[in-house]
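**Student:** Please find one structure pasted underneath; my questions will follow.
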Amino acid sequence: MTELNPTTPAAVEAFFSHKRPTRAQRHEQGKLARRDTPLEALAEVPSLERRADPVALLASQEASRLPQLVALRHERMTTDRFAFLRGAALIMADDLSRTPRSSVNVQLCGDAHVANFGMFASPERDLVFDLNDFDETNPGPFEWDVKRLAASVVVAGQANDHKAKQIRKAAMAAAQQYRLTIAKLANMRTLDVWFATVNFDELLRALKDTALGKAAKEAGKKASKRSGDSAVAKLTEVVDGKRRFLNDPPLLTRIPDADRDRVIADLSEIYAQYLATLSPDRISLLTRFSFDDVAHKVVGVGSVGTRAIVLLMSSGDNEPLILQIKQAQQSVLEPYTGASRFSEAGQRVVAGQRVMQATGDPFLGWCRSVGAESLDFYVRQLRDMKGSIETVGLTPEALTLYARICGGVLARAHARSGIASLIAGYLGDEETFEEALADFGVAYSTLNDHDYEALKGTLDA
């Protein structure tokens with residue numbers, strides 16, 4: 001087996017000259033992996049007695065977070081059961097580590113719930129649909145992502161008061177489309193798999209006159225309006241002829257004037273690190289923009305409490321650009337799948353995103369803070385036509401269709417980092433996989449309910 005990043009002459013030679021297996025050989029290897037972990041075993045969830053304390057796991061993440069925002073994180077996670085699931089990636093990773101796992105590894109998203117699929121602008125300014133959150137990305141068993149997707153479909157269906165049979169059908173649809181898409185990709189040319197994308201306009205045409213068509217069309221319109229200009233209009237103001245961020249703590253907090261010179265000096269150093277991670281054409285683009293202002297911005301649900309900085313930049317003609325510098329920490333998967341091969345967590349996030357997405361943010365890069373506290377970050381453009389299809393209010397038919405779309409997109413992302421024929425060999429041609437994943441999703445929703453109530457109990461006490 002060749003090394004992923006060979007450094008020694010012998011490793012480089014092996015990487016260059018080692019003959020790769022055929023599709024048929026990989027497919028057979030996947031079939032053999034079923035002997036060690038049968039598909040039926042993927043339905044298993046750990047019993048309450050075998051699990052770690054969910055509240056303690058959440059508390060273990062708080063030591064590295066801003067203490068003044070911990071209460072806000074809890075507030076957002078206890079909004080409803082789906083919000084809790086979104087913020088409980090560590091709990092689910094710990095649970096998955098206590099269940100049978102396959103030996104078929106890919107680059108995992110690590111947090112592949114239905115709300116982490118959505119639209120964003122490609123560098124060509126087309127709207128594409130893909131996974132859009134990679135904070136927890138790390139290599140691991142392929143089914144862990146599919147299990148998180150299936151569980152999120154179940155919890156979303158329950159939030160809409162769908163019937164149990166309808167909910168299970170939607171979870172099965174996600175897993176089935178994953179299996180069918182993997183089988184299709186396994187027979188495609190390698191380069192065609194790598195460059196495959198889901199164009200949102202084409203997706204809308206396919207969804208026309210379906211139960212999901214209206215919701216998808218509305219989501220696309222909202223995403224198109226969520227541009228850099230709309231972010232500027234919402235987050236900034238003009239004072240004495242100069243544009244700056246609004247001050248709306250704790251959600252958006254400007255740097256105090258007394259700290260401004262020190263912060264700018266520190267930002268200059270980490271900005272230089274960031275530029276070093278970009279290609280020359282991206283750097284050339286950024287030479288058109290200079291710094292105007294900086295603020296702290298609260299983001300997400302599970303991410304609340306981590307550092308997230310927004311930079312206001314402008315061209316010589318006062319055309320604005322907002323970059324987000326978001327803290328990256330150890331992936332919740334690493335204690336269970338092995339440490340990242342990257343020394344900086346920001347690089348782990350960026351590398352995982354670049355592998356799993358066929359097209360992405362041209363400003364994506366990483367850096368590490370300077371000074372007494374060394375923190376890792378990744379950098380991206382704020383918004384830029386980002387959006388998602390809301391699962392709240394979807395009919396059972398619409399949720400099932402959306403689950404299928406997400407399952408297919410996840411399969412394409414996995415095929416880029418793994419070997420589709422290997423996964424296809426493991427999954428087989430029957431419905432055993434989707435039956436097991438639907439069983440898992442339904443059973444895991446019960447654990448999610450338990451944990452949600454446990455966290456609420458600590459807040460009510």
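All residue names refer to the structure tokens as shown: chains lettered A, B, ... in order, residues numbered from 1 in each chain, ligands numbered from 1 in order.
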For stretch 399-411 of chain A, find every residue with an atom within 6 Å (counting only C-alpha atoms), except residues of its own chain fewer than 3 positions away, and show them as a ChimeraX atom specification.
**Tutor:** /A:170,173-174,177-178,181-182,394,396,414
**Student:** Taking the DSSP secondary structure from the backbone, can you list the residues of stretch 57-252 of chain A that are strand (DSSP E or B), as an NGL selection string?
**Tutor:** :A and (105-108 or 117-121 or 127-131 or 138-141 or 199 or 236-239 or 242-245 or 248 or 252)
**Student:** I want to know what sits within 7 Å of stretch 288-298 of chain A, based on only C-alpha atoms, with residues of the same chain fewer than 3 positions away left out; could you give that as a PyMOL selection string?
**Tutor:** chain A and resi 244-245+251-255+285+304+308-315
**Student:** Name all residues at most 6 Å from stretch 99-110 of chain A (count only C-alpha atoms; drop same-chain ones fewer than 3 positions away) and give them as a PyMOL selection string.
**Tutor:** chain A and resi 37+96+134+136-142+417-418
**Student:** Give me a file of those residues, with C-alpha atoms, as a compact mmCIF listing (two decimals), in the first residue's frame.
**Tutor:**
# COMPACT_ATOMS: atom_id res chain seq x y z
CA THR A 37 -18.78 -6.73 9.83
CA LEU A 96 -20.51 5.01 17.01
CA PHE A 134 -16.27 20.10 7.52
CA GLU A 136 -15.16 17.47 12.13
CA THR A 137 -13.71 15.90 8.98
CA ASN A 138 -11.25 13.01 9.44
CA PRO A 139 -10.75 9.59 7.85
CA GLY A 140 -12.90 6.81 9.26
CA PRO A 141 -15.51 4.10 8.53
CA PHE A 142 -17.73 5.27 5.65
CA SER A 417 -11.67 10.11 -1.12
CA GLY A 418 -12.42 6.39 -1.00
**Student:** Select, from A:Glu237, A:Asp95, A:Asp130, A:Glu44, the residue with the minimum atom-to-atom distance to A:Ala358, counting only C-alpha atoms.
**Tutor:**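 Using only C-alpha atoms, A:Ala358 sits closest to A:Asp130.
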**Student:** Pick out each residue of stretch 137-228 of chain A that DSSP on the backbone tags as helix (DSSP H, G or I); I need them as a PyMOL selection string.
**Tutor:** chain A and resi 142-159+164-186+190-195+200-207+213-225+228
**Student:** When you draw a straight line from atom CA of A:Arg380 to atom CA of A:Arg86, how long is it in Å?
**Tutor:** 21.3 Å
**Student:** Which residue, A:Ile167, A:Val232, A:Leu333, A:Ala215, has the smallest gap to A:Leu90 when you use only C-alpha atoms?
**Tutor:**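 Distance minimum relative to A:Leu90 lands on A:Leu333.
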**Student:** Using only C-alpha atoms, which protein or nucleic acid residues come within 12 Å of A:Phe200? Drop anything in the same chain fewer than 4 positions from it, and give the result as a PyMOL selection string.
**Tutor:** chain A and resi 118-122+125-130+204-207+213+216-217+219-221+223-224+385-389+405+409
**Student:** Keeping N, CA, C and O atoms for every residue in the selection just given, could you write it to a file as a tab-separated table (two decimals), in the first residue's frame?
**Tutor:**
chain	number	residue	atom	x	y	z
A	118	GLY	N	-26.23	21.82	1.48
A	118	GLY	CA	-26.84	23.06	1.01
A	118	GLY	C	-26.20	23.62	-0.24
A	118	GLY	O	-25.35	22.98	-0.88
A	119	MET	N	-26.60	24.84	-0.55
A	119	MET	CA	-26.13	25.51	-1.76
A	119	MET	C	-25.02	26.49	-1.43
A	119	MET	O	-24.99	27.05	-0.34
A	120	PHE	N	-24.15	26.72	-2.38
A	120	PHE	CA	-23.15	27.78	-2.31
A	120	PHE	C	-22.64	28.05	-3.71
A	120	PHE	O	-22.86	27.26	-4.64
A	121	ALA	N	-21.95	29.16	-3.86
A	121	ALA	CA	-21.46	29.56	-5.19
A	121	ALA	C	-20.14	28.89	-5.50
A	121	ALA	O	-19.23	28.88	-4.67
A	122	SER	N	-20.03	28.35	-6.70
A	122	SER	CA	-18.75	27.83	-7.18
A	122	SER	C	-17.89	29.01	-7.64
A	122	SER	O	-18.40	30.12	-7.82
A	125	ARG	N	-19.33	30.95	-10.25
A	125	ARG	CA	-20.54	31.66	-9.85
A	125	ARG	C	-21.81	30.88	-10.16
A	125	ARG	O	-22.90	31.45	-10.22
A	126	ASP	N	-21.70	29.58	-10.34
A	126	ASP	CA	-22.87	28.72	-10.43
A	126	ASP	C	-23.27	28.28	-9.03
A	126	ASP	O	-22.41	28.13	-8.14
A	127	LEU	N	-24.54	28.06	-8.83
A	127	LEU	CA	-25.02	27.57	-7.54
A	127	LEU	C	-24.94	26.05	-7.55
A	127	LEU	O	-25.52	25.39	-8.42
A	128	VAL	N	-24.20	25.47	-6.60
A	128	VAL	CA	-24.06	24.03	-6.51
A	128	VAL	C	-24.63	23.54	-5.19
A	128	VAL	O	-24.79	24.31	-4.24
A	129	PHE	N	-24.94	22.25	-5.12
A	129	PHE	CA	-25.49	21.64	-3.91
A	129	PHE	C	-24.52	20.58	-3.43
A	129	PHE	O	-24.15	19.68	-4.19
A	130	ASP	N	-24.12	20.68	-2.15
A	130	ASP	CA	-23.10	19.75	-1.65
A	130	ASP	C	-23.08	19.80	-0.13
A	130	ASP	O	-23.81	20.59	0.50
A	204	LEU	N	-33.06	21.76	-9.50
A	204	LEU	CA	-34.39	22.38	-9.47
A	204	LEU	C	-35.27	21.89	-10.61
A	204	LEU	O	-36.46	21.62	-10.42
A	205	ARG	N	-34.69	21.77	-11.79
A	205	ARG	CA	-35.47	21.28	-12.94
A	205	ARG	C	-35.95	19.85	-12.69
A	205	ARG	O	-37.07	19.49	-13.05
A	206	ALA	N	-35.09	19.05	-12.07
A	206	ALA	CA	-35.46	17.66	-11.78
A	206	ALA	C	-36.54	17.59	-10.71
A	206	ALA	O	-37.35	16.64	-10.68
A	207	LEU	N	-36.57	18.60	-9.83
A	207	LEU	CA	-37.53	18.60	-8.72
A	207	LEU	C	-38.84	19.29	-9.07
A	207	LEU	O	-39.77	19.30	-8.26
A	213	GLY	N	-40.21	20.46	-4.74
A	213	GLY	CA	-39.87	21.50	-5.71
A	213	GLY	C	-40.02	22.91	-5.17
A	213	GLY	O	-39.12	23.75	-5.35
A	216	ALA	N	-37.37	23.77	-2.49
A	216	ALA	CA	-36.05	23.90	-3.10
A	216	ALA	C	-35.93	25.22	-3.85
A	216	ALA	O	-34.89	25.90	-3.80
A	217	LYS	N	-36.98	25.60	-4.57
A	217	LYS	CA	-36.95	26.86	-5.32
A	217	LYS	C	-36.82	28.04	-4.38
A	217	LYS	O	-36.03	28.97	-4.64
A	219	ALA	N	-35.51	28.01	-1.38
A	219	ALA	CA	-34.17	27.97	-0.78
A	219	ALA	C	-33.14	28.52	-1.75
A	219	ALA	O	-32.21	29.23	-1.35
A	220	GLY	N	-33.29	28.20	-3.03
A	220	GLY	CA	-32.37	28.71	-4.03
A	220	GLY	C	-32.43	30.22	-4.15
A	220	GLY	O	-31.41	30.89	-4.29
A	221	LYS	N	-33.64	30.78	-4.10
A	221	LYS	CA	-33.80	32.23	-4.17
A	221	LYS	C	-33.14	32.91	-2.97
A	221	LYS	O	-32.46	33.93	-3.11
A	223	ALA	N	-30.69	31.70	-1.13
A	223	ALA	CA	-29.24	31.55	-1.24
A	223	ALA	C	-28.64	32.57	-2.20
A	223	ALA	O	-27.59	33.15	-1.94
A	224	SER	N	-29.33	32.80	-3.31
A	224	SER	CA	-28.83	33.75	-4.31
A	224	SER	C	-28.75	35.16	-3.74
A	224	SER	O	-27.90	35.96	-4.14
A	385	MET	N	-23.67	33.28	-1.23
A	385	MET	CA	-24.77	32.48	-1.78
A	385	MET	C	-24.94	31.14	-1.05
A	385	MET	O	-25.36	30.15	-1.64
A	386	LYS	N	-24.59	31.13	0.22
A	386	LYS	CA	-24.78	29.90	0.99
A	386	LYS	C	-26.22	29.82	1.49
A	386	LYS	O	-26.81	30.80	1.91
A	387	GLY	N	-26.77	28.61	1.45
A	387	GLY	CA	-28.13	28.41	1.92
A	387	GLY	C	-28.44	26.93	2.00
A	387	GLY	O	-27.64	26.09	1.60
A	388	SER	N	-29.61	26.60	2.53
A	388	SER	CA	-30.00	25.20	2.67
A	388	SER	C	-31.51	25.07	2.58
A	388	SER	O	-32.25	26.06	2.73
A	389	ILE	N	-31.96	23.86	2.33
A	389	ILE	CA	-33.39	23.57	2.31
A	389	ILE	C	-33.83	23.25	3.73
A	389	ILE	O	-33.33	22.31	4.34
A	405	ILE	N	-31.67	12.89	-2.02
A	405	ILE	CA	-30.69	13.80	-2.60
A	405	ILE	C	-29.44	13.85	-1.72
A	405	ILE	O	-28.31	13.76	-2.22
A	409	VAL	N	-25.55	12.77	-2.67
A	409	VAL	CA	-24.46	13.73	-2.57
A	409	VAL	C	-23.36	13.21	-1.65
A	409	VAL	O	-22.15	13.35	-1.92
**Student:** Tell me, in Å to one decimal, how far atom CA of A:Ile325 is from atom CA of A:Val55.
**Tutor:**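 Taking atom CA of A:Ile325 and atom CA of A:Val55, their separation equals 28.5 Å.
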**Student:** Might you pull out every residue within 12 Å of A:Leu48, with only C-alpha atoms counted and same-chain residues fewer than 5 positions away left off, and present them as a JSON list (two decimals) with all heavy atoms, in the first residue's frame?
**Tutor:**
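To be explicit, this is the file written out as around_38.json:
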[["chain", "number", "residue", "atom", "x", "y", "z"],
["A", 53, "ASP", "N", -21.47, 9.41, 29.67],
["A", 53, "ASP", "CA", -22.42, 10.43, 30.12],
["A", 53, "ASP", "C", -22.47, 11.54, 29.05],
["A", 53, "ASP", "O", -21.48, 12.23, 28.81],
["A", 53, "ASP", "CB", -21.94, 11.01, 31.44],
["A", 53, "ASP", "CG", -22.90, 12.05, 32.02],
["A", 53, "ASP", "OD1", -23.71, 12.61, 31.25],
["A", 53, "ASP", "OD2", -22.83, 12.33, 33.22],
["A", 54, "PRO", "N", -23.63, 11.75, 28.39],
["A", 54, "PRO", "CA", -23.69, 12.73, 27.30],
["A", 54, "PRO", "C", -23.42, 14.16, 27.76],
["A", 54, "PRO", "O", -22.77, 14.93, 27.05],
["A", 54, "PRO", "CB", -25.11, 12.57, 26.75],
["A", 54, "PRO", "CG", -25.90, 11.97, 27.88],
["A", 54, "PRO", "CD", -24.94, 11.09, 28.61],
["A", 95, "ASP", "N", -20.72, 7.26, 20.60],
["A", 95, "ASP", "CA", -21.65, 6.14, 20.45],
["A", 95, "ASP", "C", -21.26, 5.23, 19.29],
["A", 95, "ASP", "O", -21.30, 4.00, 19.41],
["A", 95, "ASP", "CB", -23.07, 6.67, 20.23],
["A", 95, "ASP", "CG", -23.71, 7.20, 21.50],
["A", 95, "ASP", "OD1", -23.34, 6.74, 22.59],
["A", 95, "ASP", "OD2", -24.56, 8.10, 21.38],
["A", 98, "ARG", "N", -18.72, 2.60, 19.83],
["A", 98, "ARG", "CA", -19.14, 1.47, 20.65],
["A", 98, "ARG", "C", -19.99, 0.47, 19.88],
["A", 98, "ARG", "O", -20.62, -0.41, 20.46],
["A", 98, "ARG", "CB", -19.91, 1.98, 21.88],
["A", 98, "ARG", "CG", -19.08, 2.91, 22.77],
["A", 98, "ARG", "CD", -19.93, 3.64, 23.80],
["A", 98, "ARG", "NE", -19.19, 4.68, 24.46],
["A", 98, "ARG", "CZ", -18.49, 4.53, 25.60],
["A", 98, "ARG", "NH1", -18.47, 3.35, 26.20],
["A", 98, "ARG", "NH2", -17.84, 5.55, 26.14],
["A", 443, "ALA", "N", -33.59, 3.85, 16.13],
["A", 443, "ALA", "CA", -33.12, 3.54, 17.49],
["A", 443, "ALA", "C", -32.29, 4.68, 18.06],
["A", 443, "ALA", "O", -32.39, 5.01, 19.25],
["A", 443, "ALA", "CB", -32.31, 2.24, 17.47],
["A", 444, "TYR", "N", -31.48, 5.31, 17.20],
["A", 444, "TYR", "CA", -30.62, 6.38, 17.72],
["A", 444, "TYR", "C", -31.42, 7.61, 18.12],
["A", 444, "TYR", "O", -31.03, 8.35, 19.03],
["A", 444, "TYR", "CB", -29.54, 6.78, 16.71],
["A", 444, "TYR", "CG", -28.45, 7.58, 17.39],
["A", 444, "TYR", "CD1", -27.44, 6.92, 18.09],
["A", 444, "TYR", "CD2", -28.47, 8.96, 17.39],
["A", 444, "TYR", "CE1", -26.47, 7.63, 18.77],
["A", 444, "TYR", "CE2", -27.50, 9.68, 18.07],
["A", 444, "TYR", "CZ", -26.50, 9.02, 18.76],
["A", 444, "TYR", "OH", -25.56, 9.72, 19.46],
["A", 446, "THR", "N", -34.01, 7.66, 19.79],
["A", 446, "THR", "CA", -34.38, 7.47, 21.19],
["A", 446, "THR", "C", -33.25, 7.91, 22.11],
["A", 446, "THR", "O", -33.48, 8.55, 23.15],
["A", 446, "THR", "CB", -34.73, 5.99, 21.46],
["A", 446, "THR", "OG1", -35.80, 5.59, 20.59],
["A", 446, "THR", "CG2", -35.16, 5.77, 22.90],
["A", 447, "LEU", "N", -32.01, 7.57, 21.74],
["A", 447, "LEU", "CA", -30.86, 8.03, 22.52],
["A", 447, "LEU", "C", -30.75, 9.55, 22.47],
["A", 447, "LEU", "O", -30.44, 10.19, 23.48],
["A", 447, "LEU", "CB", -29.57, 7.40, 21.98],
["A", 447, "LEU", "CG", -29.46, 5.88, 22.03],
["A", 447, "LEU", "CD1", -28.08, 5.44, 21.52],
["A", 447, "LEU", "CD2", -29.70, 5.35, 23.43],
["A", 448, "ASN", "N", -31.02, 10.12, 21.31],
["A", 448, "ASN", "CA", -30.96, 11.57, 21.16],
["A", 448, "ASN", "C", -32.00, 12.25, 22.06],
["A", 448, "ASN", "O", -31.71, 13.28, 22.69],
["A", 448, "ASN", "CB", -31.19, 11.95, 19.70],
["A", 448, "ASN", "CG", -31.00, 13.43, 19.43],
["A", 448, "ASN", "OD1", -29.88, 13.94, 19.48],
["A", 448, "ASN", "ND2", -32.08, 14.14, 19.16],
["A", 449, "ASP", "N", -33.20, 11.67, 22.12],
["A", 449, "ASP", "CA", -34.24, 12.20, 23.01],
["A", 449, "ASP", "C", -33.76, 12.17, 24.46],
["A", 449, "ASP", "O", -33.95, 13.14, 25.21],
["A", 449, "ASP", "CB", -35.51, 11.37, 22.89],
["A", 449, "ASP", "CG", -36.26, 11.61, 21.59],
["A", 449, "ASP", "OD1", -35.90, 12.57, 20.87],
["A", 449, "ASP", "OD2", -37.18, 10.83, 21.28],
["A", 450, "HIS", "N", -33.16, 11.07, 24.85],
["A", 450, "HIS", "CA", -32.66, 10.91, 26.22],
["A", 450, "HIS", "C", -31.62, 11.99, 26.54],
["A", 450, "HIS", "O", -31.66, 12.64, 27.60],
["A", 450, "HIS", "CB", -32.04, 9.52, 26.40],
["A", 450, "HIS", "CG", -31.28, 9.35, 27.68],
["A", 450, "HIS", "ND1", -29.93, 9.66, 27.77],
["A", 450, "HIS", "CD2", -31.65, 8.91, 28.91],
["A", 450, "HIS", "CE1", -29.51, 9.42, 29.00],
["A", 450, "HIS", "NE2", -30.53, 8.96, 29.71],
["A", 451, "ASP", "N", -30.71, 12.21, 25.63],
["A", 451, "ASP", "CA", -29.62, 13.17, 25.86],
["A", 451, "ASP", "C", -30.14, 14.61, 25.87],
["A", 451, "ASP", "O", -29.67, 15.45, 26.65],
["A", 451, "ASP", "CB", -28.54, 13.01, 24.79],
["A", 451, "ASP", "CG", -27.93, 11.62, 24.80],
["A", 451, "ASP", "OD1", -28.13, 10.89, 25.79],
["A", 451, "ASP", "OD2", -27.25, 11.27, 23.81]]
**Student:** A:Ala339: which residues within 12 Å, counting only C-alpha atoms, same-chain residues fewer than 2 positions away excluded, as number ranges by chain?
**Tutor:** A: 136-140, 329-337, 341-345, 348
**Student:** My list of candidates is A:Thr359, A:Asn318, A:Ser369, A:Gln176. Which is closest to A:Glu269 when distances are computed with only C-alpha atoms?
**Tutor:**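 Smallest distance to A:Glu269 is found for A:Ser369.
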**Student:** So how many Å separate atom CA of A:Leu459 and atom CA of A:Arg65, to one decimal?
**Tutor:** 18.4 Å
